[in-house]
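S.K.: Before we start, here is the structure in question, set down as structure tokens.
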Amino acid sequence: MNGRIGAAVMVLGLVLGGVTTVSPLGAAPGETISFAMLAGYKEDVLRANIGSFEQQTGIKVAIDASPYNDLYQKTLLSLSTSARRYDVMFMDEPWVPGLSSFLLPLGDVIKGIDLADFVPTTLASGRYKGKQYAMPVDPNVQVFIYRKDLFQQHNLGVPDTWDDVLRDAQTLNDPAKEMAGVVTTAGSDQQTGLYMLLLIWSYGGDVLGPDGRSVADSPAARKGASVYVQLLKYAPLGVQSYSFADVNKAVQLGKAAMAIQWASGARPMEDKAHSLVAGKLGYAVMPRGDQRTPMRGVWTIGIAQTTQHQEAAAKFVQWITGREFGRAAALYPATSSAIHSPRFSVLRDPKIAEALPYAPALLDNLKIARERARVPQWPDIQEQLRLYGAKVSTGAPLGETLAQLKASINDVMNK
Amino acid sequence: MRGLARGGLPWLAPGIAFLALIDLFPLGYALAISLYSWWLVRPSEIRLVGLANYASLLRDAVLRHDTMVSAAFMIGAVSIELVAGMALAVFFAQRTRVFAAVRPVILLPLFITPVVSATMWRLMFHPDLGIVNYYLRRIGIGGPAWLSDPTLAMTAVILLDTWRAIPFMFLVLHAGIVSLPHELFEAAMVDGATKWHSFRHVTLPLLRYIIVVAVLIRAMDAFREFDIFYIVTSGGPGNATETIQMLNYRIFGYGRVGLASSLSTLTLVLVAIISLALLRSMGREGAA
């Protein structure tokens, strides 16, 4: 009896082995990897293209998409507990230092990848303490957006400094015609703190010093934050409740002459079906105070140390950071956001440049982009920035609020 | 009692064990975790810190602010819901045919998912695109930036919550009113009582315990409200509408498990204090 069962198993094994195809990417077909992904537009782009990867490799990708905050929570819980739910994770770059102790160093995975094709600052987004823990998938950076038609009408040049922006915003601001001089995020939203930080950096300040103590109330930080508050004087009514999507709405409805926004927001602005100002926008490198400091915000991909599907996960990382996905993602119809490629060859492709009129500005800003402090506590610090940035935007006393921000960041760093 | 121990206890034991499992075990576990410094990013550095998490929270000005916001919301929302729910209940108690006709409309908000209704209201309050300001402008009133002003933002959230919870209050109070004995109202009428006198001296005293239960349920819910604040205001403008639950979500969200458990325990204690205070005050009124 046992002999018969053994023979049957052998035959079955031979049959299955015979029909199994070897995938072009050399991975083990039939495997399924679980992928923690950001919900929304970026998820849509991935789902629209994932078939190509699954066909090439025979590897199935189970996508679990969550909104921004939940994605971090779920990823952290999965990695730090015995849940081990995910093999591969889509991570915002500030998460990488904190999660690095749970991530697989990608030394072997990236050996075959042409790293020279990547914008160097994007590769740095996945690096921590000299090791590459994540690879860039979707580079984002803050860009300066302005209405070319309005600037021509008023004989204005592209603003070079924040003083220029303030002056032009005053000129173009016309509440009676529902035209705001400038729009940016100022609600109780993470972006609010990040835009205030952009201004603080621009005037030579920071929120975290090299010794790990906060310097959020330095004169330079105060100067930058005060310029942020001045910009809001020329923003639309209700800007204190604005998030990323509201900034886009204001621009797309033609209600703002200038905007400070992430590059991913620019793509829908150029969608003729949903934007009244498509083709009328100019994109520039971020204006300067003492220096130009556009903030880098790269979405990266990393592999869990505990994965049982290391080879399949590596193939997925190679595919999603590759030219094929980069091109397909960049050309995917825009609705509310965009995915760009971190590769020079994709960003400089004429077809891509045609689809993304802001690609040169994206690249220029990306080349000089500044990164947020690479400390595991950064997500906590960013939350404090959100809280106190939103208070600043509502007119809370600047000196007192920045002192509170400093105290809360020091508290986070000492925990 | 002895009879229960001999005959009833074995029958009750599975139920008690089940309750202990789903109620007491998670509670005990959360209490235990609250005594630890546990940051998920550094699982190897978990250490017992005793009451340090509680001490840190009690010193925290943000927690004090957020507790006040939760309390203000609870008092504002539940007061309106009680008055409006009672008015509707009294009105429809005497008009059963009208009630039957409009019942689906009145109860509709109860059936809409909070996330959906909150998103809908957020859009309604949008300064440029919202329907509220659109109609205000049509009648010549410049629509305010609802969610950018601290007072208006809280007003908007209270309006949303009352829209959602008045049907609940109405249902409970209506059921109570229609079950009251008619004889008492007839006797009051014979004694020359007006409608107001009947309501004040017959309906309200008889409904007291139903009112206590309805207010208690709504007050506990309102104090722990999270979803509508998260969606409509995200705690803004600034931190004007940040509640104790949003603070807990933030702390847990960044992996501070011990601290978040301490805050959950503090919230539980606060809700228990509020409930006891409410029960005692209603009890005193009853005794008077």
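Please note that chains go A, B, ... in the order of the structure tokens, that every chain numbers its residues from 1, and that ligands are numbered from 1 in the order shown.
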Which residues of chain A come within 8 Å of chain B, and for each one, what is the closest pair of atoms and their distance in Å to one decimal, counting only C-alpha atoms, sorted by chain and residue number, as a tab-separated table?

M.R.:
```
residue	atom	partner	partner_atom	distance
A:Asn69	CA	B:Gly253	CA	7.1
A:Asp70	CA	B:Gly253	CA	7.5
A:Tyr72	CA	B:Gly253	CA	7.6
A:Gln73	CA	B:Gly253	CA	5.4
A:Leu76	CA	B:Leu40	CA	6.9
A:Leu77	CA	B:Leu40	CA	7.2
A:Ser80	CA	B:Leu40	CA	5.9
A:Gly98	CA	B:Val41	CA	5.9
A:Leu99	CA	B:Val41	CA	6.5
A:Gly187	CA	B:Pro237	CA	6.0
A:Ser188	CA	B:Gly236	CA	4.8
A:Asp189	CA	B:Ser234	CA	7.3
A:Leu237	CA	B:Ala145	CA	6.3
A:Gly238	CA	B:Ala145	CA	4.7
A:Val239	CA	B:Ser148	CA	7.0
A:Gln240	CA	B:Ser148	CA	4.8
A:Ser241	CA	B:Ser148	CA	5.2
A:Pro376	CA	B:Val41	CA	7.7
A:Pro379	CA	B:Tyr254	CA	6.9
A:Asp380	CA	B:Tyr254	CA	6.3
A:Glu383	CA	B:Arg250	CA	7.9
A:Leu387	CA	B:Asn239	CA	6.5
A:Tyr388	CA	B:Gly238	CA	7.2
A:Gly389	CA	B:Gly238	CA	7.5
A:Ala390	CA	B:Gly238	CA	4.2
A:Lys391	CA	B:Gly238	CA	3.9
A:Val392	CA	B:Gly238	CA	7.3
A:Ser393	CA	B:Gly238	CA	7.0
A:Thr394	CA	B:Gly238	CA	6.0
```

S.K.: Determine, counting only C-alpha atoms, which protein, DNA and RNA residues have an atom within 12 Å of an atom of region 26-32 of chain B; residues of the same chain fewer than 5 positions away are not included. Present the result as a PyMOL selection string.

M.R.: chain B and resi 19-21+37-38+47-51+53-54+257-266+268-269

S.K.: Restricting the calculation to only C-alpha atoms: of A:Gly112, A:Pro94, A:Pro294, A:Pro219, which residue gets closest to Ala403 (chain A)?

M.R.: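 Looking only at the distances to Ala403 (chain A), the closest residue turns out to be A:Pro219.
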
S.K.: Taking only region 36-124 of chain B into account, list the residues labelled strand (DSSP E or B) by DSSP (computed from the backbone), as a ChimeraX atom specification.

M.R.: /B:36-37,39,47-48

S.K.: Taking 6 positions as the minimum chain separation for residues in the same chain, which residues sit within 9 Å of Ala355 (chain A) when counting only C-alpha atoms? Answer as a list in words.

M.R.: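 Neighbouring residues, sequence-local ones excluded: Arg267, Glu270, Ala330 and Leu331 of chain A.
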
S.K.: Can you measure CA of Glu81 (chain B) to CA of Thr162 (chain B) for me? One decimal in Å is fine.

M.R.: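 Computing it gives 5.6 Å between the two atoms.
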
S.K.: With only C-alpha atoms as the atoms that count, which of A:Gly224, A:Gly297, A:Pro357, A:Gly181 lies nearest to Ala278 (chain A)?

M.R.: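 That would be A:Pro357, the residue with the smallest distance to Ala278 (chain A).
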
S.K.: If you run DSSP on the backbone, which residues of region 135-349 of chain A are helix (DSSP H, G or I), as a PyMOL selection string?

M.R.: chain A and resi 148-153+162-172+175-177+190-202+219-232+239-241+244-252+263-269+310-320+323-331+344-347

S.K.: Restrict the selected residues to C-alpha atoms and save them as a short mmCIF file (atom, residue, chain, number, x, y, z; two decimals), in the first residue's frame.

M.R.:
```
data_model
loop_
_atom_site.label_atom_id
_atom_site.label_comp_id
_atom_site.auth_asym_id
_atom_site.auth_seq_id
_atom_site.Cartn_x
_atom_site.Cartn_y
_atom_site.Cartn_z
CA LYS A 148 2.03 81.46 -16.67
CA ASP A 149 -0.90 83.40 -18.17
CA LEU A 150 -1.41 85.59 -15.08
CA PHE A 151 2.31 86.21 -14.71
CA GLN A 152 2.50 87.33 -18.35
CA GLN A 153 -0.54 89.61 -17.95
CA TRP A 162 10.29 84.05 -1.01
CA ASP A 163 10.24 87.84 -0.95
CA ASP A 164 9.39 87.70 -4.68
CA VAL A 165 6.64 85.19 -3.95
CA LEU A 166 5.15 87.41 -1.23
CA ARG A 167 5.28 90.47 -3.50
CA ASP A 168 3.69 88.63 -6.45
CA ALA A 169 1.09 87.02 -4.20
CA GLN A 170 0.06 90.46 -3.00
CA THR A 171 -0.19 91.67 -6.61
CA LEU A 172 -2.25 88.72 -7.83
CA PRO A 175 -10.55 87.79 -3.11
CA ALA A 176 -13.41 89.60 -4.89
CA LYS A 177 -12.65 87.54 -8.01
CA GLN A 190 1.08 66.43 7.97
CA GLN A 191 1.80 68.52 4.88
CA THR A 192 1.28 71.72 6.87
CA GLY A 193 4.21 70.95 9.14
CA LEU A 194 6.31 69.91 6.15
CA TYR A 195 5.67 73.17 4.26
CA MET A 196 6.52 75.16 7.38
CA LEU A 197 9.71 73.07 7.62
CA LEU A 198 10.51 73.87 3.97
CA LEU A 199 10.45 77.57 4.87
CA ILE A 200 12.44 77.00 8.07
CA TRP A 201 15.14 75.14 6.10
CA SER A 202 15.11 77.81 3.44
CA PRO A 219 15.93 82.85 15.02
CA ALA A 220 16.30 81.19 11.60
CA ALA A 221 13.44 78.79 12.32
CA ARG A 222 11.33 81.67 13.53
CA LYS A 223 12.08 83.66 10.36
CA GLY A 224 11.08 80.73 8.13
CA ALA A 225 7.87 80.06 10.06
CA SER A 226 6.95 83.75 9.92
CA VAL A 227 7.31 83.76 6.12
CA TYR A 228 5.03 80.70 6.02
CA VAL A 229 2.43 82.66 8.03
CA GLN A 230 2.81 85.68 5.72
CA LEU A 231 2.16 83.49 2.67
CA LEU A 232 -1.16 82.42 4.21
CA VAL A 239 -7.00 77.54 3.92
CA GLN A 240 -6.67 76.49 7.57
CA SER A 241 -8.66 73.39 6.69
CA PHE A 244 -3.21 68.08 -0.27
CA ALA A 245 -6.45 67.55 -2.25
CA ASP A 246 -7.78 71.03 -1.40
CA VAL A 247 -4.61 72.67 -2.72
CA ASN A 248 -5.10 70.77 -5.97
CA LYS A 249 -8.77 71.74 -6.11
CA ALA A 250 -7.91 75.44 -5.73
CA VAL A 251 -5.34 75.30 -8.54
CA GLN A 252 -7.45 73.14 -10.86
CA ALA A 263 5.12 67.15 -7.72
CA SER A 264 2.60 64.30 -7.59
CA GLY A 265 -0.12 66.93 -7.32
CA ALA A 266 0.98 68.54 -10.58
CA ARG A 267 -0.08 65.65 -12.77
CA PRO A 268 -3.86 66.06 -12.22
CA MET A 269 -3.44 69.80 -12.71
CA GLN A 310 13.00 36.16 -0.35
CA GLU A 311 13.69 35.36 -4.00
CA ALA A 312 10.18 36.21 -5.14
CA ALA A 313 10.25 39.43 -3.11
CA ALA A 314 13.58 40.36 -4.69
CA LYS A 315 12.13 39.82 -8.17
CA PHE A 316 9.22 42.07 -7.28
CA VAL A 317 11.57 44.81 -6.05
CA GLN A 318 13.57 44.56 -9.29
CA TRP A 319 10.41 44.79 -11.38
CA ILE A 320 8.75 47.70 -9.57
CA ARG A 323 12.10 51.02 -16.41
CA GLU A 324 9.06 49.08 -17.61
CA PHE A 325 6.95 49.86 -14.52
CA GLY A 326 8.40 53.38 -14.29
CA ARG A 327 7.28 54.22 -17.82
CA ALA A 328 3.86 52.58 -17.45
CA ALA A 329 3.23 54.35 -14.13
CA ALA A 330 4.28 57.74 -15.46
CA LEU A 331 1.92 57.37 -18.41
CA PHE A 344 16.99 59.36 -15.35
CA SER A 345 16.22 57.29 -18.44
CA VAL A 346 12.48 57.45 -17.73
CA LEU A 347 12.27 61.08 -16.56
#
```

S.K.: I'd like the contact shell of Val78 (chain B) - 12 Å cut-off, only C-alpha atoms, skipping same-chain residues fewer than 5 positions apart - returned as an MDAnalysis selection string.

M.R.: chainID B and resid 70:73 83:86 158:159 161:166 168:169 211:212 214:223
